[in-house]
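Listing of work19.txt, compact mmCIF, C-alpha atoms and all ligand atoms
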# COMPACT_ATOMS: atom_id res chain seq x y z
CA MET A 347 86.33 162.73 78.40
CA ASN A 348 84.80 159.67 80.08
CA SER A 349 84.11 156.71 77.87
CA ALA A 350 82.13 153.48 77.70
CA LYS A 351 81.78 150.91 74.96
CA ILE A 352 78.00 151.15 74.96
CA VAL A 353 75.76 153.95 76.27
CA ILE A 354 72.09 153.24 76.92
CA ILE A 355 69.88 156.31 77.10
CA GLY A 356 66.74 155.83 79.23
CA GLY A 357 66.26 153.73 82.34
CA GLY A 358 62.67 152.52 81.91
CA VAL A 359 61.91 148.87 81.29
CA ALA A 360 63.34 148.88 77.74
CA GLY A 361 66.68 150.36 78.80
CA ALA A 362 66.85 148.07 81.83
CA SER A 363 66.23 145.01 79.68
CA ALA A 364 68.84 146.10 77.13
CA ALA A 365 71.34 146.53 79.99
CA TYR A 366 70.50 143.11 81.45
CA HIS A 367 70.82 141.31 78.12
CA LEU A 368 74.09 143.04 77.23
CA ALA A 369 75.46 142.10 80.66
CA LEU A 370 74.34 138.49 80.20
CA ARG A 371 76.43 138.42 77.04
CA GLY A 372 79.47 139.57 79.02
CA GLU A 373 79.36 143.25 78.06
CA SER A 374 80.16 145.14 81.24
CA ASP A 375 81.59 148.34 79.74
CA VAL A 376 78.06 149.70 79.53
CA VAL A 377 76.60 152.81 81.12
CA LEU A 378 72.89 153.57 81.37
CA LEU A 379 71.94 157.25 81.62
CA GLU A 380 68.55 158.16 83.06
CA ARG A 381 67.53 161.77 83.53
CA GLY A 382 65.10 161.03 86.35
CA SER A 383 66.35 160.79 89.91
CA MET A 384 64.88 157.29 89.94
CA GLN A 385 63.95 154.74 87.29
CA GLY A 386 60.38 154.12 86.16
CA THR A 387 59.04 157.67 86.20
CA GLY A 388 58.47 157.62 82.42
CA SER A 389 55.78 155.32 81.05
CA THR A 390 56.95 152.14 82.78
CA GLY A 391 55.77 153.11 86.26
CA ARG A 392 52.36 154.20 84.96
CA ALA A 393 51.43 151.09 82.98
CA THR A 394 48.40 148.90 83.66
CA GLY A 395 50.52 145.78 83.97
CA GLY A 396 48.84 143.65 81.34
CA VAL A 397 50.52 140.94 79.27
CA ARG A 398 48.92 139.04 76.42
CA GLU A 399 49.48 136.76 73.49
CA GLN A 400 46.20 137.86 71.92
CA PHE A 401 47.60 140.07 69.15
CA GLY A 402 46.98 140.06 65.42
CA THR A 403 50.48 140.17 63.89
CA GLU A 404 53.05 137.41 63.87
CA ILE A 405 55.77 139.61 65.37
CA ASN A 406 53.65 140.81 68.31
CA ILE A 407 52.41 137.27 68.96
CA ARG A 408 55.93 135.83 68.88
CA MET A 409 57.36 138.62 71.06
CA SER A 410 54.60 137.90 73.58
CA MET A 411 55.12 134.13 73.52
CA TYR A 412 58.83 134.54 74.13
CA SER A 413 58.32 137.22 76.79
CA ILE A 414 55.68 135.30 78.74
CA ASP A 415 57.96 132.26 78.94
CA PHE A 416 60.70 134.54 80.24
CA LEU A 417 58.48 136.38 82.74
CA LYS A 418 57.19 133.07 84.05
CA ASN A 419 60.57 131.37 84.42
CA CYS A 420 63.20 134.04 85.11
CA ASP A 421 65.16 134.31 88.35
CA PHE A 422 63.57 137.51 89.61
CA HIS A 423 60.07 138.53 90.69
CA THR A 424 57.96 139.75 87.75
CA GLY A 425 54.50 139.48 89.27
CA TYR A 426 53.40 137.27 86.38
CA ASP A 427 49.87 136.16 87.19
CA PRO A 428 48.08 134.34 84.35
CA LYS A 429 44.56 135.48 85.16
CA GLY A 430 43.88 135.79 81.43
CA TYR A 431 42.60 138.43 79.03
CA LEU A 432 38.91 138.15 78.22
CA PHE A 433 37.99 140.07 75.07
CA PHE A 434 34.27 140.41 74.48
CA ALA A 435 32.31 141.57 71.42
CA THR A 436 28.93 143.19 71.06
CA GLU A 437 29.09 143.37 67.25
CA GLN A 438 29.49 140.50 64.79
CA SER A 439 32.40 142.21 63.01
CA ALA A 440 34.33 142.49 66.29
CA LEU A 441 33.66 138.85 67.14
CA ASP A 442 34.75 137.75 63.67
CA LEU A 443 38.02 139.65 64.14
CA LEU A 444 38.63 138.07 67.55
CA LYS A 445 38.06 134.64 66.05
CA ARG A 446 40.35 135.33 63.10
CA ASN A 447 43.06 136.56 65.47
CA ALA A 448 42.60 133.45 67.64
CA GLN A 449 43.20 131.34 64.55
CA THR A 450 46.33 133.35 63.68
CA GLN A 451 47.58 132.99 67.26
CA ALA A 452 47.07 129.22 67.11
CA GLU A 453 48.92 129.02 63.78
CA PHE A 454 51.98 130.61 65.45
CA GLY A 455 51.82 128.21 68.38
CA VAL A 456 49.76 130.02 71.04
CA GLU A 457 48.05 127.37 73.11
CA GLY A 458 44.66 127.33 74.72
CA ILE A 459 42.87 130.38 73.31
CA GLU A 460 39.18 129.74 73.95
CA ILE A 461 36.21 131.04 72.00
CA LEU A 462 33.48 131.87 74.52
CA ASP A 463 29.75 132.44 74.19
CA SER A 464 27.85 134.99 76.21
CA ASP A 465 26.75 132.48 78.91
CA GLU A 466 30.32 131.37 79.49
CA ILE A 467 31.48 134.99 79.78
CA LYS A 468 28.75 135.62 82.36
CA ARG A 469 29.88 132.55 84.29
CA ARG A 470 33.51 133.70 84.30
CA VAL A 471 32.76 137.28 85.29
CA PRO A 472 29.87 137.11 87.74
CA GLY A 473 28.01 140.40 87.96
CA MET A 474 28.86 141.42 84.40
CA ASN A 475 26.01 142.54 82.19
CA CYS A 476 26.25 140.26 79.14
CA GLU A 477 22.89 141.08 77.51
CA ASP A 478 24.49 142.77 74.50
CA ILE A 479 27.55 140.48 74.38
CA ILE A 480 27.58 137.92 71.59
CA GLY A 481 30.86 136.18 72.41
CA GLY A 482 34.54 136.62 72.99
CA THR A 483 37.94 135.01 73.44
CA PHE A 484 40.03 134.12 76.47
CA GLY A 485 43.82 133.70 76.60
CA PRO A 486 44.86 131.57 79.58
CA ARG A 487 48.56 132.60 79.50
CA ASP A 488 47.61 136.27 79.30
CA GLY A 489 47.26 138.22 82.50
CA PHE A 490 49.23 140.54 84.73
CA ILE A 491 52.83 141.52 85.45
CA ASP A 492 54.38 144.11 87.72
CA PRO A 493 56.11 146.70 85.47
CA VAL A 494 58.20 148.17 88.30
CA ALA A 495 59.36 144.76 89.49
CA VAL A 496 60.29 143.72 85.94
CA MET A 497 62.30 146.93 85.43
CA ARG A 498 64.00 146.55 88.82
CA GLY A 499 64.76 142.87 88.22
CA PHE A 500 66.51 143.60 84.93
CA SER A 501 68.37 146.56 86.47
CA LYS A 502 69.59 144.72 89.56
CA LEU A 503 71.08 141.86 87.58
CA ALA A 504 72.60 144.24 85.03
CA ALA A 505 74.23 146.28 87.81
CA GLU A 506 75.52 143.14 89.52
CA ASN A 507 77.15 142.20 86.23
CA GLY A 508 78.98 145.49 85.80
CA VAL A 509 76.57 147.87 84.02
CA LYS A 510 76.81 151.38 85.52
CA PHE A 511 73.51 153.18 86.20
CA GLU A 512 73.76 156.96 86.32
CA LEU A 513 70.51 158.53 87.47
CA GLY A 514 69.75 162.23 87.25
CA ARG A 515 71.84 162.50 84.07
CA THR A 516 70.22 163.93 80.95
CA VAL A 517 71.56 163.31 77.45
CA HIS A 518 71.20 166.45 75.37
CA ARG A 519 72.85 165.28 72.20
CA ILE A 520 74.10 162.23 70.36
CA ASN A 521 77.31 163.17 68.53
CA VAL A 522 78.11 161.60 65.18
CA SER A 523 81.40 161.83 63.33
CA GLY A 524 82.06 160.45 59.86
CA GLY A 525 78.75 158.57 59.81
CA ARG A 526 79.36 156.76 63.09
CA ILE A 527 78.74 157.27 66.79
CA ASP A 528 81.31 159.41 68.54
CA SER A 529 79.91 160.35 71.95
CA VAL A 530 76.92 161.64 73.86
CA SER A 531 76.73 165.06 75.50
CA THR A 532 75.09 165.14 78.92
CA ASP A 533 74.44 167.78 81.57
CA ASP A 534 77.58 166.45 83.26
CA GLY A 535 80.00 166.26 80.34
CA ASP A 536 80.53 164.09 77.27
CA ILE A 537 80.94 160.33 77.19
CA GLY A 538 82.82 158.82 74.26
CA CYS A 539 81.39 155.51 73.06
CA ASP A 540 81.22 152.99 70.21
CA ALA A 541 77.48 152.42 70.41
CA VAL A 542 74.37 154.16 71.71
CA VAL A 543 71.07 152.42 72.44
CA VAL A 544 68.17 154.86 72.53
CA CYS A 545 65.49 153.64 74.99
CA THR A 546 63.80 156.95 75.62
CA GLY A 547 60.20 155.86 74.97
CA ALA A 548 57.86 158.76 74.19
CA TRP A 549 60.81 161.20 74.16
CA THR A 550 62.71 159.49 71.32
CA LYS A 551 61.98 161.83 68.42
CA GLU A 552 63.90 164.75 69.92
CA ILE A 553 67.00 162.81 70.92
CA GLY A 554 67.06 160.91 67.60
CA ALA A 555 66.99 164.23 65.74
CA THR A 556 70.23 165.35 67.44
CA ALA A 557 71.95 162.53 65.52
CA GLY A 558 70.14 163.53 62.32
CA ILE A 559 67.79 160.56 62.47
CA GLU A 560 64.05 160.92 62.10
CA VAL A 561 62.27 158.54 64.47
CA PRO A 562 58.48 158.60 64.14
CA VAL A 563 57.49 158.16 67.80
CA GLU A 564 54.67 160.36 69.06
CA PRO A 565 53.52 160.77 72.68
CA LEU A 566 49.86 160.20 73.49
CA ARG A 567 48.34 160.54 76.95
CA ARG A 568 46.59 157.49 78.38
CA GLN A 569 44.60 157.82 81.60
CA ILE A 570 43.59 155.24 84.17
CA VAL A 571 40.81 155.53 86.74
CA TRP A 572 41.44 153.76 90.04
CA ALA A 573 38.03 153.06 91.59
CA ARG A 574 36.73 151.41 94.74
CA CYS A 575 33.72 149.09 94.51
CA ASN A 576 31.22 148.52 97.30
CA GLU A 577 31.92 144.81 97.23
CA ALA A 578 34.87 142.51 96.61
CA LEU A 579 35.58 141.94 92.90
CA PRO A 580 34.78 138.51 91.45
CA ALA A 581 37.50 136.00 92.35
CA ASP A 582 40.15 135.53 89.65
CA LEU A 583 38.89 138.50 87.63
CA PRO A 584 40.91 138.60 84.37
CA MET A 585 41.65 141.67 82.27
CA VAL A 586 38.24 142.25 80.63
CA ILE A 587 38.18 144.20 77.36
CA ASP A 588 35.42 145.41 75.08
CA ALA A 589 36.88 144.64 71.65
CA GLY A 590 34.69 147.34 70.11
CA THR A 591 35.53 150.37 72.28
CA GLY A 592 38.76 149.24 73.94
CA PHE A 593 37.18 149.86 77.38
CA HIS A 594 38.88 147.57 79.88
CA PHE A 595 39.08 146.84 83.59
CA ARG A 596 41.21 144.73 85.92
CA PRO A 597 41.76 144.35 89.66
CA ALA A 598 43.95 147.22 90.94
CA ILE A 599 47.52 146.76 92.15
CA ASP A 600 49.85 149.51 93.32
CA PHE A 601 53.18 148.63 91.71
CA TRP A 602 55.08 151.19 93.79
CA GLU A 603 53.78 149.73 97.04
CA PRO A 604 56.03 146.90 98.27
CA SER A 605 53.08 144.89 99.51
CA ALA A 606 50.38 144.48 96.88
CA ASN A 607 48.18 143.01 99.65
CA MET A 608 47.60 146.51 100.95
CA VAL A 609 45.23 147.17 98.02
CA PRO A 610 41.63 146.28 98.93
CA THR A 611 40.20 143.46 96.83
CA SER A 612 37.38 145.81 95.85
CA ASP A 613 39.68 148.19 93.92
CA VAL A 614 39.58 148.17 90.14
CA LEU A 615 41.39 149.95 87.28
CA LEU A 616 39.23 151.30 84.44
CA ALA A 617 40.51 152.71 81.16
CA TYR A 618 39.84 153.16 77.48
CA PRO A 619 41.59 154.77 74.51
CA ASP A 620 40.03 158.25 74.55
CA PRO A 621 39.53 159.27 70.89
CA ASP A 622 39.65 162.97 71.90
CA GLU A 623 43.27 162.68 72.99
CA GLN A 624 45.81 164.53 70.79
CA THR A 625 49.57 164.09 70.47
CA SER A 626 51.22 165.80 73.48
CA PHE A 627 53.54 165.26 76.44
CA ASN A 628 50.73 166.04 78.89
CA THR A 629 50.79 163.54 81.79
CA GLU A 630 48.31 165.38 84.03
CA TYR A 631 45.33 163.27 85.01
CA ASP A 632 42.09 165.04 84.03
CA PRO A 633 39.20 164.24 86.45
CA ALA A 634 36.74 164.71 83.55
CA PHE A 635 38.16 161.48 82.09
CA SER A 636 36.35 159.43 84.73
CA ASP A 637 32.97 160.69 83.41
CA LYS A 638 33.89 159.31 79.98
CA VAL A 639 35.01 155.97 81.37
CA TYR A 640 31.90 155.67 83.50
CA ASP A 641 29.71 156.10 80.41
CA LEU A 642 31.17 152.74 79.35
CA ALA A 643 31.64 151.18 82.79
CA ARG A 644 28.42 151.92 84.61
CA GLY A 645 26.18 149.59 82.69
CA ARG A 646 28.78 146.86 82.21
CA ALA A 647 28.72 145.32 85.70
CA ASN A 648 26.99 145.74 89.05
CA PHE A 649 30.30 146.08 90.83
CA LEU A 650 31.39 148.85 88.43
CA TYR A 651 28.08 150.73 88.67
CA GLU A 652 28.57 151.11 92.40
CA SER A 653 32.26 152.01 92.28
CA THR A 654 33.75 155.43 93.07
CA PRO A 655 37.03 156.89 91.72
CA VAL A 656 39.88 157.22 94.24
CA ALA A 657 41.15 160.61 93.05
CA ALA A 658 44.64 160.33 94.55
CA LYS A 659 45.29 157.07 92.74
CA CYS A 660 44.02 157.93 89.24
CA ARG A 661 46.94 158.49 86.86
CA ALA A 662 48.06 159.36 83.35
CA GLY A 663 51.10 158.40 81.31
CA LEU A 664 52.28 158.37 77.72
CA TYR A 665 51.94 155.79 75.01
CA GLU A 666 54.94 156.01 72.65
CA ASN A 667 53.15 155.48 69.37
CA THR A 668 54.67 154.68 66.00
CA PRO A 669 52.62 155.03 62.80
CA ASP A 670 51.90 151.27 62.72
CA HIS A 671 51.76 150.73 66.51
CA HIS A 672 54.72 148.37 66.45
CA ALA A 673 58.10 148.79 68.14
CA ILE A 674 61.27 150.08 66.52
CA LEU A 675 64.13 147.65 67.13
CA GLY A 676 67.50 147.92 65.45
CA GLY A 677 70.06 150.24 63.92
CA CYS A 678 69.94 153.04 61.38
CA GLU A 679 72.23 154.73 58.86
CA VAL A 680 74.49 156.02 61.66
CA ASP A 681 76.92 153.21 62.53
CA GLY A 682 76.59 152.25 66.17
CA LEU A 683 73.23 153.96 66.78
CA TYR A 684 70.40 151.63 67.83
CA PHE A 685 66.80 152.06 68.92
CA SER A 686 64.63 150.00 71.26
CA THR A 687 61.58 152.16 71.47
CA GLY A 688 58.12 153.00 70.12
CA PHE A 689 56.38 150.08 71.79
CA SER A 690 53.00 151.76 71.36
CA GLY A 691 51.63 150.61 74.69
CA HIS A 692 53.20 147.13 74.83
CA GLY A 693 56.70 147.89 76.06
CA VAL A 694 56.52 146.24 79.45
CA MET A 695 55.11 142.95 78.25
CA HIS A 696 57.55 142.82 75.33
CA SER A 697 60.62 143.92 77.31
CA PRO A 698 62.20 140.45 77.61
CA ALA A 699 62.09 140.06 73.82
CA SER A 700 63.11 143.65 73.05
CA GLY A 701 66.18 143.55 75.32
CA ARG A 702 67.38 140.26 73.96
CA ALA A 703 66.78 141.36 70.37
CA ILE A 704 68.64 144.65 70.68
CA SER A 705 71.59 143.02 72.46
CA GLU A 706 71.89 140.42 69.67
CA ILE A 707 71.58 143.09 66.98
CA ILE A 708 74.40 145.10 68.58
CA LEU A 709 76.69 142.16 69.28
CA ASP A 710 75.91 139.78 66.41
CA GLY A 711 74.46 142.00 63.71
CA LYS A 712 71.00 140.44 63.97
CA ALA A 713 68.65 138.81 66.43
CA SER A 714 68.81 135.05 66.06
CA PHE A 715 66.25 133.89 68.67
CA LEU A 716 63.52 135.73 66.76
CA ASP A 717 63.49 137.49 63.40
CA VAL A 718 62.67 141.09 64.31
CA SER A 719 63.79 142.59 61.00
CA CYS A 720 60.21 143.73 60.26
CA LEU A 721 60.60 146.17 63.20
CA SER A 722 63.49 148.10 61.64
CA LEU A 723 63.34 151.88 61.52
CA ALA A 724 63.84 151.65 57.75
CA ARG A 725 60.38 150.13 57.32
CA PHE A 726 58.77 153.58 57.52
CA ALA A 727 60.86 154.98 54.64
CA ARG A 728 60.20 151.81 52.64
CA GLY A 729 56.46 151.98 53.34
CA GLU A 730 56.51 148.48 54.86
CA LEU A 731 54.17 149.23 57.72
CA LEU A 732 52.58 146.45 59.77
CA THR A 733 48.91 146.25 60.70
CA GLU A 734 47.94 145.32 64.26
CA THR A 735 44.20 144.80 64.70
CA GLY A 736 44.66 144.04 68.41
CA TYR A 737 45.91 147.53 69.35
CA ILE A 738 44.17 148.93 72.41
C1 LIG A 801 48.35 154.24 81.01
C2 LIG A 801 49.30 153.27 80.39
C3 LIG A 801 49.02 151.91 80.43
C4 LIG A 801 49.91 150.99 79.88
N1 LIG A 801 49.64 149.65 80.01
C5 LIG A 801 50.54 148.75 79.55
C6 LIG A 801 50.33 147.37 79.75
O1 LIG A 801 49.33 146.95 80.33
N2 LIG A 801 51.28 146.51 79.29
C7 LIG A 801 52.42 146.94 78.65
O2 LIG A 801 53.23 146.12 78.25
N3 LIG A 801 52.62 148.26 78.44
C8 LIG A 801 51.73 149.16 78.88
N4 LIG A 801 51.93 150.48 78.68
C9 LIG A 801 53.08 150.90 77.86
C10 LIG A 801 54.36 150.83 78.63
O3 LIG A 801 54.26 151.58 79.82
C11 LIG A 801 55.49 151.33 77.75
O4 LIG A 801 55.44 150.73 76.47
C12 LIG A 801 56.84 151.03 78.38
O5 LIG A 801 56.87 151.43 79.71
C13 LIG A 801 57.94 151.70 77.58
O6 LIG A 801 59.14 151.52 78.28
P1 LIG A 801 60.37 152.39 77.87
O7 LIG A 801 61.48 151.99 78.75
O8 LIG A 801 60.53 152.32 76.39
O9 LIG A 801 59.93 153.90 78.17
P2 LIG A 801 59.86 154.70 79.56
O10 LIG A 801 59.42 153.87 80.68
O11 LIG A 801 59.08 155.94 79.28
O12 LIG A 801 61.37 155.06 79.82
C14 LIG A 801 62.06 156.01 79.03
C15 LIG A 801 63.04 156.69 79.97
O13 LIG A 801 63.92 157.51 79.22
C16 LIG A 801 64.24 158.62 80.01
N5 LIG A 801 64.73 159.67 79.11
C17 LIG A 801 64.06 160.25 78.08
N6 LIG A 801 64.86 161.13 77.47
C18 LIG A 801 66.06 161.11 78.09
C19 LIG A 801 67.29 161.80 77.90
N7 LIG A 801 67.41 162.70 76.92
N8 LIG A 801 68.31 161.53 78.73
C20 LIG A 801 68.20 160.61 79.73
N9 LIG A 801 67.05 159.93 79.96
C21 LIG A 801 65.99 160.17 79.14
C22 LIG A 801 62.93 158.98 80.68
O14 LIG A 801 63.14 159.75 81.85
C23 LIG A 801 62.35 157.60 80.96
O15 LIG A 801 62.64 157.15 82.28
C24 LIG A 801 51.08 151.44 79.23
C25 LIG A 801 51.35 152.80 79.17
C26 LIG A 801 50.49 153.71 79.75
C27 LIG A 801 50.82 155.17 79.71
Could you rewrite the structure in this file as structure tokens?
Amino acid sequence: MNSAKIVIIGGGVAGASAAYHLALRGESDVVLLERGSMQGTGSTGRATGGVREQFGTEINIRMSMYSIDFLKNCDFHTGYDPKGYLFFATEQSALDLLKRNAQTQAEFGVEGIEILDSDEIKRRVPGMNCEDIIGGTFGPRDGFIDPVAVMRGFSKLAAENGVKFELGRTVHRINVSGGRIDSVSTDDGDIGCDAVVVCTGAWTKEIGATAGIEVPVEPLRRQIVWARCNEALPADLPMVIDAGTGFHFRPAIDFWEPSANMVPTSDVLLAYPDPDEQTSFNTEYDPAFSDKVYDLARGRANFLYESTPVAAKCRAGLYENTPDHHAILGGCEVDGLYFSTGFSGHGVMHSPASGRAISEIILDGKASFLDVSCLSLARFARGELLTETGYI
């Protein structure tokens, strides 16, 4: 039987970051197993590419602060582009919540969050209909990243430091003996190991169950319309989000295309959390979704009213939701079994923090750069759920 000290299951951004951070700590007897023939075909390669500090809970805010510093300063290309997140409100209750969250963010050290009135929003997003908008917030360190580049950057450095990447290899079972990790069974034989890190995103529940562990991660389809406007988008367009409906838009970028410049400056991504969506592994894009998005988009801006979906570029992927929309980071009652999963739509932006946290938990027993103990799997059994009011 082959063996490795640590096996990582899943080669999306979470697995790649775990590999990178373990390698940085000198752990090279690590193998990452990804069932796809290439990395990024799970949720990572389908993400919108947003990053923000504008959350409502301390842990999400701190994970974002740490991750943005990393994405800005690390040695590889991440595509970090601080164009900002502009949340707007059309109802007083939504504006009050944005303001309360801005205060919470400031208390934890987020700098520069601005409270905007309707005129200022109109000035920052020319062409936007602000008649019903009563205000909003803007985060200047928020903005965009390239999910594929981040995943590839982590992977390249991990591989250069000895981590083995085995693509096209599916893990069917995590084997436990005497309450601790024994091995994993794959479609190409077993691998004996001391530790397993499960980074399987939306597919975590099934693989966790093979080790007898219940992991409450549910898949939920999220769709994105790629549309072409008749005119160039406003310069420096941030991520713009309706805090009431979750409808959002941003300039389009094709993360799989080596040259982002090939995307016309008139292309935009439109999305919203469709309340009709049910738990499922469906990743087919449904053209009827664009009708729903356009109900929200058409009246919001001139440039959106005149836009047309580019069918070949619209896409769908899976959110990996936990009951409280926060990640699961840490071990469980099986010795040597760890989870870095359940990011509930924030896994790319939080990948620098998640990878560092899980590597410290494995090697040191706990994460010391940031207290992530509130993200333990045990919180669900204990009923210690978190509440994120900034979930989109
Ligand atoms: C439409 C959409 C928009 C999003 N927008 C954003 C955004 O703006 N910002 C942000 O931060 N996040 C966003 N997200 C969420 C983000 O994409 C995820 O949180 C993140 O990609 C999760 O990374 P991951 O590595 O945990 O999972 P994945 O990328 O899904 O990787 C899991 C990998 O595990 C592999 N795998 C599963 N089971 C097995 C097995 N048994 N054996 C071997 N391999 C296995 C899969 O093939 C997959 O490659 C968005 C998601 C969607 C769908």
Dump as a Markdown table the rows for residues of chain A within 7 Å of ligand LIG 801 (chain A): closest atom pair and distance in Å with one decimal, all atoms listed in the file counted, ordered by chain and rising residue number.
| residue | atom | partner | partner_atom | distance |
| --- | --- | --- | --- | --- |
| A:Ile355 | CA | A:LIG801 | C20 | 5.3 |
| A:Gly356 | CA | A:LIG801 | O13 | 3.3 |
| A:Gly357 | CA | A:LIG801 | C15 | 5.0 |
| A:Gly358 | CA | A:LIG801 | O7 | 3.4 |
| A:Val359 | CA | A:LIG801 | O7 | 4.0 |
| A:Ala360 | CA | A:LIG801 | O7 | 3.8 |
| A:Gly361 | CA | A:LIG801 | O7 | 5.4 |
| A:Leu379 | CA | A:LIG801 | C20 | 5.4 |
| A:Glu380 | CA | A:LIG801 | N9 | 3.9 |
| A:Arg381 | CA | A:LIG801 | C20 | 4.0 |
| A:Gly382 | CA | A:LIG801 | O14 | 5.1 |
| A:Gln385 | CA | A:LIG801 | O15 | 5.7 |
| A:Gly386 | CA | A:LIG801 | O15 | 5.4 |
| A:Thr387 | CA | A:LIG801 | O15 | 5.3 |
| A:Gly388 | CA | A:LIG801 | O11 | 3.6 |
| A:Ser389 | CA | A:LIG801 | O11 | 3.8 |
| A:Thr390 | CA | A:LIG801 | O5 | 3.2 |
| A:Gly391 | CA | A:LIG801 | O10 | 6.7 |
| A:Arg392 | CA | A:LIG801 | C27 | 5.6 |
| A:Ala393 | CA | A:LIG801 | C4 | 3.5 |
| A:Thr394 | CA | A:LIG801 | N1 | 3.9 |
| A:Gly395 | CA | A:LIG801 | O1 | 4.0 |
| A:Gly396 | CA | A:LIG801 | O1 | 3.5 |
| A:Val397 | CA | A:LIG801 | N2 | 5.6 |
| A:Arg515 | CA | A:LIG801 | C20 | 6.0 |
| A:Thr516 | CA | A:LIG801 | N8 | 3.8 |
| A:Val517 | CA | A:LIG801 | N8 | 3.9 |
| A:His518 | CA | A:LIG801 | N7 | 5.6 |
| A:Cys545 | CA | A:LIG801 | O8 | 5.3 |
| A:Thr546 | CA | A:LIG801 | O13 | 3.6 |
| A:Gly547 | CA | A:LIG801 | O9 | 3.8 |
| A:Ala548 | CA | A:LIG801 | O11 | 5.9 |
| A:Trp549 | CA | A:LIG801 | C17 | 5.2 |
| A:Thr550 | CA | A:LIG801 | N6 | 6.7 |
| A:Ile553 | CA | A:LIG801 | N7 | 6.0 |
| A:Arg567 | CA | A:LIG801 | C27 | 6.5 |
| A:Arg568 | CA | A:LIG801 | C1 | 4.5 |
| A:Gln569 | CA | A:LIG801 | C1 | 5.2 |
| A:Ile570 | CA | A:LIG801 | C1 | 5.8 |
| A:Ala662 | CA | A:LIG801 | C1 | 5.6 |
| A:Gly663 | CA | A:LIG801 | C27 | 3.6 |
| A:Leu664 | CA | A:LIG801 | C27 | 4.0 |
| A:Tyr665 | CA | A:LIG801 | C27 | 4.9 |
| A:Glu666 | CA | A:LIG801 | O4 | 6.5 |
| A:Ser686 | CA | A:LIG801 | O8 | 7.0 |
| A:Thr687 | CA | A:LIG801 | O8 | 5.0 |
| A:Gly688 | CA | A:LIG801 | O8 | 6.8 |
| A:Phe689 | CA | A:LIG801 | O4 | 4.8 |
| A:Ser690 | CA | A:LIG801 | O4 | 5.8 |
| A:Gly691 | CA | A:LIG801 | C9 | 3.5 |
| A:His692 | CA | A:LIG801 | O2 | 3.6 |
| A:Gly693 | CA | A:LIG801 | O4 | 3.1 |
| A:Val694 | CA | A:LIG801 | O2 | 3.5 |
| A:Met695 | CA | A:LIG801 | O2 | 3.7 |
| A:His696 | CA | A:LIG801 | O2 | 6.2 |
Nearest candidate to Pro565 (chain A) (options A:Ser626, A:Thr735, A:Ser413, A:Ser349; using all atoms listed in the file):
A:Ser626
Could you check which of A:Asp463, A:Glu373, A:Glu630, A:Asp421 is closest to Gly499 (chain A), using all atoms listed in the file?
A:Asp421
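Distances from A:Val456, A:Val543, A:Met411, A:Ile405 to Val377 (chain A) were compared using all atoms listed in the file, and the smallest one belongs to A:Val543.
Put simply, CA of Thr403 (chain A) is 22.0 Å away from CA of Gly677 (chain A).
Interatomic distance, CA of Val509 (chain A) to CA of Val376 (chain A): 5.1 Å.
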Compare A:Val522, A:Leu443, A:Ala647, A:Leu732 by their minimum atom-to-atom distance to Ala555 (chain A), counting only C-alpha atoms, and give me the closest one.
A:Val522
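Residue nearest Ser363 (chain A) within the list A:Ile559, A:Ala589, A:Ala578, A:Ala505: A:Ala505 [criterion: smallest interatomic distance, only C-alpha atoms].
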Rounded to one decimal, what separation in Å do you get between CA of Glu603 (chain A) and CA of Arg398 (chain A)?
23.7 Å
Excluding Lys418 (chain A) and its own-chain neighbours fewer than 3 positions away, which residues fall within 12 Å of it when counting only C-alpha atoms? Please give them as a ChimeraX atom specification.
/A:397,410-415,421-428,487-492,496,695,698
For Gly481 (chain A), which residue out of A:Arg526, A:Lys445, A:His671, A:His594 is the nearest one, using all atoms listed in the file?
A:Lys445
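Residues lying at most 9 Å from (36.2, 159.8, 82.0) in file coordinates, with all atoms listed in the file considered, are Gln569, Ile570, Val571, Ala617, Tyr618, Asp620, Asp632, Pro633, Ala634, Phe635, Ser636, Asp637, Lys638, Val639, Tyr640 and Asp641 of chain A.
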Local residues around (55.6, 146.8, 89.9), at most 6 Å away, using all atoms listed in the file, as a ChimeraX atom specification:
/A:492-495,601-602
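The residue set within 12 Å of Ala452 (chain A), counting only C-alpha atoms and dropping same-chain residues fewer than 4 places from it, reads Glu399, Gln400, Phe401, Gly402, Thr403, Glu404, Ile407, Arg408, Met411, Lys445, Arg446, Asn447, Ala448, Val456, Glu457, Gly458, Ile459, Glu460 and Gly485 of chain A.
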